[in-house]
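J.: Contents of run-v2.txt (compact mmCIF, C-alpha atoms) are below:
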```
# COMPACT_ATOMS: atom_id res chain seq x y z
CA MET A 1 -14.08 16.88 2.30
CA GLN A 2 -11.35 15.27 0.27
CA GLY A 3 -8.85 13.43 2.44
CA TYR A 4 -5.22 14.58 2.16
CA HIS A 5 -4.31 11.01 1.20
CA ASP A 6 -6.77 11.02 -1.71
CA LEU A 7 -4.25 12.27 -4.21
CA GLY A 8 -5.52 11.18 -7.61
CA GLY A 9 -5.62 14.14 -9.98
CA ALA A 10 -3.95 16.62 -7.65
CA ALA A 11 -1.40 18.99 -9.14
CA ALA A 12 2.15 17.80 -8.66
CA GLY A 13 5.63 18.22 -10.07
CA PRO A 14 7.91 15.68 -11.70
CA VAL A 15 8.04 12.16 -10.30
CA PRO A 16 11.17 11.93 -8.11
CA LYS A 17 13.17 9.04 -9.45
CA GLU A 18 15.92 8.61 -6.87
CA GLU A 19 15.86 5.13 -5.48
CA HIS A 20 16.82 4.52 -1.93
CA GLU A 21 17.14 1.35 0.01
CA LEU A 22 15.01 1.23 3.12
CA GLN A 23 16.91 1.42 6.36
CA LEU A 24 16.74 -1.54 8.68
CA TRP A 25 14.33 0.17 11.06
CA GLU A 26 12.01 0.95 8.15
CA LYS A 27 12.00 -2.71 7.12
CA ARG A 28 11.17 -3.60 10.71
CA VAL A 29 8.15 -1.31 10.52
CA GLU A 30 7.01 -3.31 7.49
CA ALA A 31 7.72 -6.53 9.36
CA LEU A 32 5.68 -5.32 12.35
CA LEU A 33 2.75 -4.58 10.11
CA VAL A 34 2.94 -8.00 8.45
CA MET A 35 3.11 -9.70 11.86
CA LEU A 36 0.24 -7.69 13.31
CA THR A 37 -2.01 -8.32 10.33
CA ARG A 38 -1.22 -12.03 10.18
CA ARG A 39 -1.97 -12.30 13.91
CA LYS A 40 -5.19 -10.41 13.16
CA ILE A 41 -4.34 -7.81 15.78
CA LEU A 42 -4.62 -5.07 13.18
CA ARG A 43 -6.24 -5.05 9.81
CA VAL A 44 -4.60 -3.25 6.92
CA ASP A 45 -7.81 -1.20 6.64
CA GLU A 46 -7.41 -0.01 10.22
CA ASN A 47 -3.89 1.06 9.52
CA ARG A 48 -4.92 2.92 6.41
CA ARG A 49 -7.60 4.69 8.40
CA GLY A 50 -4.93 5.50 10.96
CA LEU A 51 -2.80 7.07 8.25
CA GLU A 52 -5.80 9.06 7.07
CA SER A 53 -6.29 10.39 10.61
CA LEU A 54 -2.82 11.80 11.19
CA GLY A 55 -3.68 15.18 9.72
CA GLY A 56 -2.42 16.56 6.44
CA GLU A 57 0.59 18.36 7.84
CA VAL A 58 1.89 15.32 9.66
CA TYR A 59 1.11 13.04 6.74
CA HIS A 60 3.05 15.12 4.26
CA SER A 61 5.96 15.97 6.52
CA LEU A 62 6.82 12.45 7.61
CA ASN A 63 8.34 9.80 5.42
CA TYR A 64 6.62 6.53 4.63
CA ALA A 65 7.97 4.51 7.56
CA GLU A 66 7.48 7.33 10.04
CA ARG A 67 3.82 7.62 9.11
CA ARG A 68 3.37 3.87 9.31
CA ILE A 69 4.89 3.43 12.75
CA LEU A 70 2.87 6.36 14.08
CA ALA A 71 -0.35 4.90 12.72
CA ILE A 72 0.56 1.46 14.08
CA SER A 73 1.24 2.84 17.57
CA ASN A 74 -1.98 4.86 17.60
CA ASN A 75 -3.92 1.79 16.59
CA LEU A 76 -2.28 -0.45 19.18
CA ILE A 77 -3.08 2.09 21.87
CA LEU A 78 -6.64 2.41 20.63
CA LYS A 79 -7.08 -1.34 20.81
CA GLY A 80 -5.54 -1.61 24.25
CA VAL A 81 -2.69 -3.79 23.03
CA ILE A 82 -0.18 -1.40 24.51
CA SER A 83 -0.76 1.35 27.04
CA VAL A 84 0.34 4.95 26.64
CA GLU A 85 2.10 4.65 30.00
CA ALA A 86 4.13 1.63 28.97
CA LEU A 87 5.01 3.20 25.64
CA ALA A 88 6.10 6.47 27.20
CA ALA A 89 8.20 4.70 29.81
CA LYS A 90 9.81 2.51 27.19
CA MET A 91 10.62 5.45 24.91
CA ALA A 92 12.18 7.34 27.82
CA GLU A 93 14.24 4.30 28.70
CA ILE A 94 15.41 3.89 25.12
CA GLY A 95 16.43 7.54 25.06
CA GLU A 96 18.67 6.89 28.03
CA ARG A 97 20.41 3.82 26.68
CA LYS A 98 24.12 4.23 26.01
CA ASP A 99 23.87 2.17 22.83
CA PRO A 100 20.27 2.51 21.74
CA LEU A 101 20.75 1.83 18.04
CA PRO A 102 19.61 -1.69 17.34
CA MET B 1 -10.70 -16.43 -6.86
CA ASN B 2 -9.46 -15.39 -3.49
CA ALA B 3 -12.46 -13.25 -2.62
CA THR B 4 -13.86 -13.63 0.86
CA ALA B 5 -17.46 -14.75 0.59
CA ASN B 6 -19.87 -14.97 3.44
CA ALA B 7 -21.38 -18.40 3.04
CA ALA B 8 -24.75 -17.16 4.17
CA THR B 9 -25.01 -14.30 1.71
CA SER B 10 -28.03 -14.37 -0.48
CA SER B 11 -27.04 -11.34 -2.46
CA ALA B 12 -26.06 -11.50 -6.07
CA PRO B 13 -24.12 -8.81 -7.89
CA ALA B 14 -26.42 -6.02 -9.03
CA TYR B 15 -24.43 -5.18 -12.16
CA ILE B 16 -23.10 -7.16 -15.06
CA ALA B 17 -20.19 -6.58 -17.38
CA GLY B 18 -20.98 -3.96 -19.98
CA GLU B 19 -23.48 -2.07 -17.86
CA ARG B 20 -23.06 1.69 -17.55
CA VAL B 21 -22.81 2.94 -13.98
CA LEU B 22 -22.54 6.29 -12.27
CA VAL B 23 -20.27 6.73 -9.27
CA ARG B 24 -22.16 8.43 -6.47
CA GLN B 25 -21.22 11.98 -5.74
CA VAL B 26 -21.24 11.72 -1.99
CA ASP B 27 -18.90 13.35 0.48
CA SER B 28 -18.61 12.12 4.02
CA PRO B 29 -16.04 11.39 6.70
CA GLY B 30 -14.76 7.88 7.13
CA HIS B 31 -12.41 5.49 5.43
CA ILE B 32 -13.57 5.40 1.84
CA ARG B 33 -11.89 3.62 -1.04
CA THR B 34 -13.72 5.53 -3.76
CA PRO B 35 -11.30 8.27 -4.86
CA HIS B 36 -12.77 11.76 -5.08
CA TYR B 37 -11.69 12.21 -8.67
CA ILE B 38 -14.09 9.50 -9.87
CA ARG B 39 -17.17 10.52 -7.93
CA GLY B 40 -19.94 11.74 -10.19
CA LYS B 41 -18.35 10.07 -13.23
CA THR B 42 -19.91 7.43 -15.43
CA GLY B 43 -18.14 4.27 -16.49
CA THR B 44 -18.75 0.74 -17.68
CA ILE B 45 -18.61 -2.42 -15.60
CA GLU B 46 -15.59 -4.29 -16.89
CA ARG B 47 -16.25 -7.27 -14.60
CA PHE B 48 -17.68 -8.35 -11.31
CA VAL B 49 -14.63 -9.10 -9.17
CA GLY B 50 -16.17 -10.83 -6.17
CA PHE B 51 -17.59 -10.33 -2.71
CA PHE B 52 -15.39 -8.74 -0.05
CA LYS B 53 -15.82 -7.53 3.50
CA ASN B 54 -16.56 -3.82 3.53
CA PRO B 55 -13.30 -1.92 4.10
CA GLU B 56 -15.23 1.10 5.37
CA GLU B 57 -16.27 -0.97 8.37
CA LEU B 58 -13.09 -3.03 8.71
CA ALA B 59 -11.23 0.24 9.10
CA TYR B 60 -12.98 0.78 12.43
CA GLY B 61 -12.39 -2.71 13.76
CA ARG B 62 -15.81 -3.98 12.79
CA SER B 63 -16.59 -7.18 10.97
CA GLY B 64 -17.18 -5.73 7.53
CA GLN B 65 -20.18 -8.01 7.13
CA PRO B 66 -22.31 -8.35 5.14
CA VAL B 67 -19.87 -8.61 2.28
CA ARG B 68 -20.18 -6.21 -0.61
CA ALA B 69 -19.89 -6.75 -4.32
CA LEU B 70 -16.72 -5.32 -5.88
CA TYR B 71 -16.44 -4.41 -9.56
CA ARG B 72 -13.75 -3.28 -11.92
CA VAL B 73 -15.21 -0.22 -13.60
CA ARG B 74 -13.68 1.24 -16.72
CA PHE B 75 -13.75 4.95 -17.46
CA VAL B 76 -12.77 6.83 -20.58
CA GLN B 77 -10.07 9.27 -19.51
CA SER B 78 -11.39 12.15 -21.57
CA GLN B 79 -14.69 11.75 -19.69
CA VAL B 80 -12.98 11.88 -16.31
CA TRP B 81 -10.66 14.86 -16.83
CA PRO B 82 -11.90 17.92 -18.74
CA ASP B 83 -8.35 18.73 -19.81
CA TYR B 84 -7.20 15.19 -20.57
CA ALA B 85 -4.29 15.43 -22.99
CA GLY B 86 -3.78 11.80 -23.97
CA ALA B 87 -5.34 9.58 -26.61
CA ALA B 88 -9.06 9.03 -27.18
CA GLY B 89 -8.73 5.33 -26.34
CA ASP B 90 -7.05 5.87 -22.98
CA THR B 91 -8.95 4.40 -20.04
CA LEU B 92 -8.84 4.16 -16.27
CA ASP B 93 -9.86 1.00 -14.41
CA ILE B 94 -10.85 1.31 -10.75
CA ASP B 95 -12.09 -1.33 -8.31
CA LEU B 96 -15.28 0.05 -6.78
CA TYR B 97 -17.86 -1.28 -4.34
CA GLU B 98 -21.46 -1.72 -5.36
CA HIS B 99 -22.84 0.70 -2.80
CA TRP B 100 -20.88 3.48 -4.50
CA LEU B 101 -22.51 2.80 -7.87
CA ARG B 102 -25.85 3.60 -9.43
CA PRO B 103 -27.23 2.62 -12.83
CA GLU B 104 -26.33 5.32 -15.33
CA ALA B 105 -29.87 6.44 -15.94
CA SER B 106 -30.64 7.30 -12.32
CA ARG B 107 -29.84 10.74 -10.94
CA MET C 1 16.76 -7.70 26.05
CA SER C 2 19.17 -8.58 23.29
CA ASP C 3 17.62 -6.53 20.57
CA HIS C 4 19.62 -3.39 20.91
CA HIS C 5 22.80 -5.36 20.44
CA ASP C 6 21.74 -6.45 16.99
CA HIS C 7 24.18 -5.71 14.23
CA HIS C 8 23.64 -2.17 13.10
CA HIS C 9 23.30 -1.82 9.37
CA HIS C 10 24.03 1.51 7.81
CA GLU C 11 22.19 1.49 4.52
CA PRO C 12 24.10 3.23 1.72
CA GLY C 13 22.48 6.17 -0.01
CA GLY C 14 19.85 6.51 2.67
CA ARG C 15 18.12 9.53 1.29
CA HIS C 16 14.72 10.34 2.68
CA GLN C 17 11.89 12.48 1.55
CA HIS C 18 12.79 14.99 4.25
CA PRO C 19 16.09 16.91 4.24
CA PRO C 20 18.98 14.69 5.30
CA GLN C 21 20.30 15.39 8.75
CA ALA C 22 23.98 16.19 8.24
CA ASP C 23 25.93 14.17 10.80
CA HIS C 24 22.95 12.50 12.35
CA ASP C 25 21.74 10.06 9.78
CA ASP C 26 22.04 7.43 12.48
CA SER C 27 20.47 9.53 15.20
CA LEU C 28 17.63 8.12 17.15
CA THR C 29 14.68 10.13 15.96
CA TYR C 30 11.34 10.00 17.69
CA TYR C 31 10.06 7.54 15.11
CA ARG C 32 13.01 5.20 15.35
CA LYS C 33 12.54 5.17 19.12
CA LEU C 34 8.88 4.50 18.57
CA GLU C 35 9.64 1.49 16.39
CA ILE C 36 12.01 0.06 18.99
CA ALA C 37 9.54 0.71 21.79
CA VAL C 38 6.56 -0.85 20.03
CA ARG C 39 8.58 -3.88 19.00
CA GLU C 40 10.08 -4.46 22.44
CA LEU C 41 6.72 -4.05 24.17
CA LEU C 42 5.10 -6.53 21.81
CA ILE C 43 7.96 -8.99 22.37
CA ALA C 44 7.72 -8.56 26.15
CA GLN C 45 4.00 -9.28 25.93
CA GLY C 46 4.60 -12.42 23.93
CA VAL C 47 2.77 -11.13 20.87
CA THR C 48 5.87 -11.76 18.78
CA THR C 49 9.52 -12.64 19.19
CA ALA C 50 12.76 -11.02 18.08
CA ASP C 51 13.36 -14.04 15.87
CA GLU C 52 10.02 -13.67 14.15
CA ILE C 53 10.66 -10.02 13.35
CA ARG C 54 14.15 -10.88 12.10
CA GLN C 55 12.65 -13.62 9.92
CA LEU C 56 10.00 -11.30 8.53
CA VAL C 57 12.64 -8.70 7.70
CA GLN C 58 14.58 -11.40 5.87
CA ASP C 59 11.42 -12.41 4.01
CA ILE C 60 10.89 -8.80 3.00
CA GLU C 61 14.49 -8.50 1.87
CA SER C 62 14.30 -11.75 -0.07
CA ARG C 63 11.44 -10.59 -2.24
CA SER C 64 12.48 -8.77 -5.34
CA PRO C 65 11.26 -8.21 -8.90
CA GLU C 66 12.97 -11.50 -9.78
CA GLY C 67 9.86 -13.22 -8.49
CA GLY C 68 7.57 -11.37 -10.87
CA ALA C 69 10.09 -11.85 -13.67
CA ARG C 70 9.91 -15.64 -13.25
CA VAL C 71 6.13 -15.51 -13.51
CA VAL C 72 6.34 -13.37 -16.64
CA ALA C 73 8.90 -15.66 -18.27
CA ARG C 74 6.74 -18.69 -17.57
CA ALA C 75 3.71 -16.97 -19.06
CA TRP C 76 5.69 -16.21 -22.20
CA THR C 77 6.80 -19.80 -22.66
CA ASN C 78 3.82 -21.77 -21.35
CA PRO C 79 0.42 -20.94 -22.89
CA GLU C 80 -1.52 -22.99 -20.34
CA PHE C 81 0.15 -21.18 -17.48
CA LYS C 82 -0.48 -17.85 -19.17
CA ALA C 83 -4.18 -18.63 -19.57
CA LEU C 84 -4.45 -19.52 -15.89
CA LEU C 85 -2.44 -16.46 -14.93
CA LEU C 86 -4.81 -14.16 -16.75
CA GLN C 87 -7.86 -15.90 -15.36
CA ASP C 88 -6.75 -16.57 -11.76
CA ALA C 89 -3.33 -15.15 -11.06
CA THR C 90 -3.41 -16.00 -7.36
CA THR C 91 -3.78 -19.70 -8.10
CA ALA C 92 -1.24 -19.62 -10.93
CA CYS C 93 1.37 -17.96 -8.71
CA ALA C 94 0.63 -20.24 -5.80
CA GLY C 95 1.69 -23.03 -8.11
CA MET C 96 5.06 -21.32 -8.38
CA GLY C 97 5.35 -20.93 -4.62
CA PHE C 98 3.98 -17.40 -4.15
CA GLU C 99 1.40 -17.42 -1.41
CA MET C 100 -0.59 -14.24 -1.98
CA ALA C 101 -2.94 -15.27 0.78
CA LEU C 102 -0.20 -14.46 3.30
CA TYR C 103 -0.81 -10.84 2.41
CA ASP C 104 -4.57 -11.37 2.25
CA VAL C 105 -4.79 -9.98 -1.25
CA THR C 106 -5.78 -11.17 -4.70
CA LEU C 107 -3.35 -10.89 -7.57
CA THR C 108 -4.52 -9.77 -11.00
CA VAL C 109 -2.29 -9.86 -14.04
CA VAL C 110 -3.03 -7.48 -16.88
CA GLU C 111 -1.51 -8.14 -20.25
CA ASN C 112 0.16 -5.60 -22.50
CA THR C 113 -0.68 -6.03 -26.18
CA PRO C 114 0.18 -4.04 -29.30
CA ASP C 115 -3.06 -2.11 -28.67
CA VAL C 116 -3.08 -1.68 -24.89
CA HIS C 117 -0.41 -0.57 -22.43
CA ASN C 118 -1.20 -1.09 -18.76
CA MET C 119 0.07 1.06 -15.89
CA VAL C 120 -0.51 0.52 -12.16
CA VAL C 121 -0.86 3.02 -9.33
CA CYS C 122 -2.45 3.26 -5.89
CA THR C 123 -3.64 6.84 -5.54
CA LEU C 124 -5.01 6.34 -2.01
CA CYS C 125 -1.95 4.75 -0.40
CA SER C 126 0.74 2.51 -2.00
CA CYS C 127 -0.77 -0.88 -2.64
CA TYR C 128 1.76 -2.91 -4.59
CA PRO C 129 2.22 -6.62 -5.43
CA ARG C 130 4.96 -7.08 -2.82
CA MET C 131 4.82 -10.84 -2.91
CA LEU C 132 6.09 -10.72 -6.50
CA LEU C 133 8.02 -7.47 -6.71
CA GLY C 134 9.36 -6.83 -3.19
CA LEU C 135 9.18 -3.35 -1.71
CA PRO C 136 7.83 -0.57 -3.91
CA PRO C 137 10.27 2.04 -5.20
CA ALA C 138 10.14 5.48 -3.59
CA TRP C 139 8.72 7.01 -6.77
CA TYR C 140 5.73 4.66 -6.73
CA LYS C 141 4.83 5.91 -3.23
CA SER C 142 5.46 9.56 -4.11
CA ARG C 143 2.82 12.24 -4.19
CA ALA C 144 3.71 13.08 -7.76
CA TYR C 145 3.18 9.56 -9.10
CA ARG C 146 0.03 8.94 -7.10
CA SER C 147 -1.44 12.27 -8.23
CA ARG C 148 -0.42 12.29 -11.87
CA ALA C 149 -0.47 8.66 -13.02
CA VAL C 150 -4.27 8.66 -13.26
CA ARG C 151 -4.58 12.14 -14.72
CA GLU C 152 -1.71 12.40 -17.16
CA PRO C 153 -0.26 8.93 -17.59
CA ARG C 154 1.46 9.69 -20.90
CA ALA C 155 3.29 12.67 -19.41
CA VAL C 156 4.42 10.48 -16.52
CA LEU C 157 5.52 7.77 -18.93
CA ARG C 158 7.49 10.36 -20.86
CA GLU C 159 9.38 11.16 -17.65
CA PHE C 160 10.25 7.49 -17.54
CA GLY C 161 11.50 7.72 -21.11
CA LEU C 162 8.50 5.99 -22.64
CA GLU C 163 6.56 7.59 -25.46
CA LEU C 164 3.64 5.55 -26.78
CA PRO C 165 1.83 6.22 -30.05
CA GLU C 166 -1.78 7.35 -29.81
CA ARG C 167 -3.05 4.12 -31.34
CA VAL C 168 -1.81 2.28 -28.23
CA ALA C 169 -4.39 2.85 -25.52
CA VAL C 170 -2.93 3.58 -22.10
CA ARG C 171 -4.96 1.81 -19.42
CA VAL C 172 -4.28 2.91 -15.86
CA HIS C 173 -5.28 0.69 -12.93
CA ASP C 174 -5.91 2.38 -9.60
CA SER C 175 -5.59 -0.35 -6.94
CA THR C 176 -8.32 0.86 -4.62
CA ALA C 177 -9.40 -2.50 -3.19
CA ASP C 178 -7.82 -5.86 -2.36
CA LEU C 179 -6.63 -6.61 -5.86
CA ARG C 180 -2.94 -6.18 -6.57
CA TYR C 181 -1.97 -5.61 -10.17
CA LEU C 182 1.01 -6.92 -12.09
CA VAL C 183 1.60 -6.00 -15.70
CA LEU C 184 2.55 -8.78 -18.09
CA PRO C 185 4.85 -6.95 -20.50
CA MET C 186 5.09 -7.97 -24.13
CA ARG C 187 7.84 -10.44 -24.86
CA PRO C 188 10.78 -8.67 -26.47
CA ALA C 189 11.28 -9.23 -30.19
CA GLY C 190 14.26 -11.45 -30.97
CA SER C 191 13.96 -13.50 -27.78
CA ASP C 192 12.59 -16.67 -29.36
CA SER C 193 15.66 -18.78 -28.68
CA LEU C 194 16.05 -17.84 -25.02
CA THR C 195 15.38 -20.21 -22.15
CA GLU C 196 12.83 -19.38 -19.47
CA ALA C 197 15.62 -18.33 -17.10
CA GLN C 198 17.21 -16.13 -19.73
CA LEU C 199 13.85 -14.53 -20.44
CA ALA C 200 13.29 -13.85 -16.74
CA ALA C 201 16.58 -11.94 -16.67
CA LEU C 202 15.20 -9.54 -19.29
CA VAL C 203 12.12 -8.55 -17.29
CA THR C 204 12.47 -5.29 -15.38
CA ARG C 205 10.55 -4.13 -12.33
CA ASP C 206 9.28 -1.06 -14.13
CA SER C 207 7.90 -3.14 -17.00
CA MET C 208 5.76 -5.03 -14.46
CA ILE C 209 4.46 -1.77 -12.95
CA GLY C 210 3.85 -0.34 -16.39
CA THR C 211 6.28 2.56 -16.52
CA ALA C 212 8.54 0.78 -18.99
CA VAL C 213 8.45 -1.66 -21.86
CA LEU C 214 11.11 -4.21 -22.71
CA ARG C 215 13.40 -3.42 -25.59
CA ALA C 216 14.02 -5.83 -28.42
CA HIS C 217 16.61 -8.44 -27.55
CA GLY C 218 19.90 -8.69 -29.37
```
Would you write out, as structure tokens, the structure that this file holds?
T.:
Amino acid sequence: MQGYHDLGGAAAGPVPKEEHELQLWEKRVEALLVMLTRRKILRVDENRRGLESLGGEVYHSLNYAERRILAISNNLILKGVISVEALAAKMAEIGERKDPLP
Amino acid sequence: MNATANAATSSAPAYIAGERVLVRQVDSPGHIRTPHYIRGKTGTIERFVGFFKNPEELAYGRSGQPVRALYRVRFVQSQVWPDYAGAAGDTLDIDLYEHWLRPEASR
Amino acid sequence: MSDHHDHHHHEPGGRHQHPPQADHDDSLTYYRKLEIAVRELLIAQGVTTADEIRQLVQDIESRSPEGGARVVARAWTNPEFKALLLQDATTACAGMGFEMALYDVTLTVVENTPDVHNMVVCTLCSCYPRMLLGLPPAWYKSRAYRSRAVREPRAVLREFGLELPERVAVRVHDSTADLRYLVLPMRPAGSDSLTEAQLAALVTRDSMIGTAVLRAHG
């Protein structure tokens, strides 16, 4: 079955030309990926596979950085680098911060 | 060349530049870097690129050894797309792993 | 934890591929929380530090098409460098201070000629020569480009304002493995008297991806 990421030759409309600067958090996602791959905690191939496992709906409804951070988190959980419990607790705590925006 | 080579490998590339190769028409789950649109198509080896760890295995946290031969394969666009609307000389170059290729004659 | 007191940057024109949220462009979506959480957990575990992430963000921000443009300008003015670039781009660029190995990839430079126009895409994800060009533009990562660049490159080029005669072969490169492709555009006519730095200023990002050519100078 053709993966939803395997787009070559698929029908599509005009190429959207609008440029937009990445937000800071999106650049940090890129930075995280560079750090994790240089530390050999994650391989780029593992992250690609993670992106290919999100499901077509998720893949196409999230933007580039959103997909990447989701795949990174799934991979880090899979590898036991972070625990689901710690991640959930941290996300709840962030949600409660008065000034959460970094 | 920055290719990762396993020092112990005794394998040599199976194909040489100019050889005609067929991309295997295989469908399976897994992390595969052979796009669907090129499977079952025939092209020409443009060059042997080098030996690399197998991304299909690296994707699952495995070593990717033994390394696999990677080639740049050139396809004529009008032979890839039945409705190709460009020029006769237009081509498509794709980097493909040896285990996804067969000599043109074989079926 | 000092991270959430970092200076907040509001990027101008922050349009996304999903509909913009009216007043809440700065709102803490699930994914932004996830990024903060993952980063802070990794810092707490000693895997990385806030400084390292900051430094990597700066590295990312410091890379731009100017890097690729310098390589192109050198290739135009230095035949020995050009020969090395076409034969072993990773080594040639390392000599100019670009360490491709940091991204664990191999650079390949493909040369435009009067007979061949090169165009680069990654249909499977968005592989891009970041070391030389910085972050890829949104259009390069878009479904439409990834789908259509391999199938109807001339139609895509037309959308970019580039119409090539049939006698010029369009050669599309799908970056499916560890090679990253950079197009060496043809040197613009009328640029013979320019210095290397002046030449670099003429080289556009899109000409190094292959969706543009450089117009005659002067």
J.: For chain B, which residues have at least one atom within 8 Å of chain A, if we go by only C-alpha atoms? Write them as an NGL selection string, please.
T.: :B and (27-31 or 35-37 or 55-56 or 58-61)
J.: Considering only C-alpha atoms, give me a table of residues in chain C that are at most 9 Å from chain B, with the closest atom pair and distance in Å for each, as a Markdown table.
T.:
```
| residue | atom | partner | partner_atom | distance |
| --- | --- | --- | --- | --- |
| C:Gln87 | CA | B:Met1 | CA | 9.0 |
| C:Asp88 | CA | B:Met1 | CA | 6.3 |
| C:Ala89 | CA | B:Met1 | CA | 8.6 |
| C:Thr90 | CA | B:Asn2 | CA | 7.2 |
| C:Thr91 | CA | B:Met1 | CA | 7.8 |
| C:Ala101 | CA | B:Asn2 | CA | 7.8 |
| C:Asp104 | CA | B:Asn2 | CA | 8.5 |
| C:Val105 | CA | B:Asn2 | CA | 7.5 |
| C:Thr106 | CA | B:Asn2 | CA | 5.7 |
| C:Leu107 | CA | B:Asn2 | CA | 8.6 |
| C:Val116 | CA | B:Asp90 | CA | 8.7 |
| C:Thr123 | CA | B:Pro35 | CA | 7.8 |
| C:Leu124 | CA | B:Pro35 | CA | 7.2 |
| C:Val150 | CA | B:Leu92 | CA | 7.1 |
| C:Arg151 | CA | B:Trp81 | CA | 7.0 |
| C:Glu152 | CA | B:Tyr84 | CA | 7.0 |
| C:Pro153 | CA | B:Gly86 | CA | 7.8 |
| C:Arg154 | CA | B:Gly86 | CA | 6.4 |
| C:Ala155 | CA | B:Gly86 | CA | 8.5 |
| C:Pro165 | CA | B:Ala87 | CA | 8.6 |
| C:Glu166 | CA | B:Ala87 | CA | 5.3 |
| C:Arg167 | CA | B:Ala87 | CA | 7.6 |
| C:Val168 | CA | B:Gly89 | CA | 7.8 |
| C:Ala169 | CA | B:Asp90 | CA | 4.8 |
| C:Val170 | CA | B:Asp90 | CA | 4.8 |
| C:Arg171 | CA | B:Thr91 | CA | 4.8 |
| C:Val172 | CA | B:Leu92 | CA | 4.7 |
| C:His173 | CA | B:Asp93 | CA | 4.8 |
| C:Asp174 | CA | B:Ile94 | CA | 5.2 |
| C:Ser175 | CA | B:Ile94 | CA | 6.7 |
| C:Thr176 | CA | B:Asp95 | CA | 5.7 |
| C:Ala177 | CA | B:Asp95 | CA | 5.9 |
| C:Asp178 | CA | B:Phe52 | CA | 8.4 |
| C:Leu179 | CA | B:Asp95 | CA | 8.0 |
```
J.: What residues in chain A lie within 7 Å of chain C, counting only C-alpha atoms, written as a PyMOL selection string?
T.: chain A and resi 5-17+19-21+23-25+27-29+31-32+63+66+69+73+87+90-91+94+100-102
J.: Quick check, in Å to one decimal: how far apart do atom CA of A:Glu57 and atom CA of B:Val26 lie?
T.: 24.8 Å
J.: Provide the atom CA of A:Leu76 to atom CA of A:Arg38 distance in Å, to one decimal place.
T.: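 Atom-to-atom, atom CA of A:Leu76 and atom CA of A:Arg38 are spaced 14.7 Å apart.
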J.: Determine the nearest neighbour of B:Phe51 from the options B:Gln25, B:Ala105, B:Ser63, B:Arg68, counting all atoms listed in the file.
T.: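 Residue with the minimum atom-to-atom distance to B:Phe51: B:Arg68.
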J.: Quote the spacing between atom CA of C:Glu66 and atom CA of C:Met96 in Å to one decimal place.
T.: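 Going from atom CA of C:Glu66 over to atom CA of C:Met96, I get 12.7 Å.
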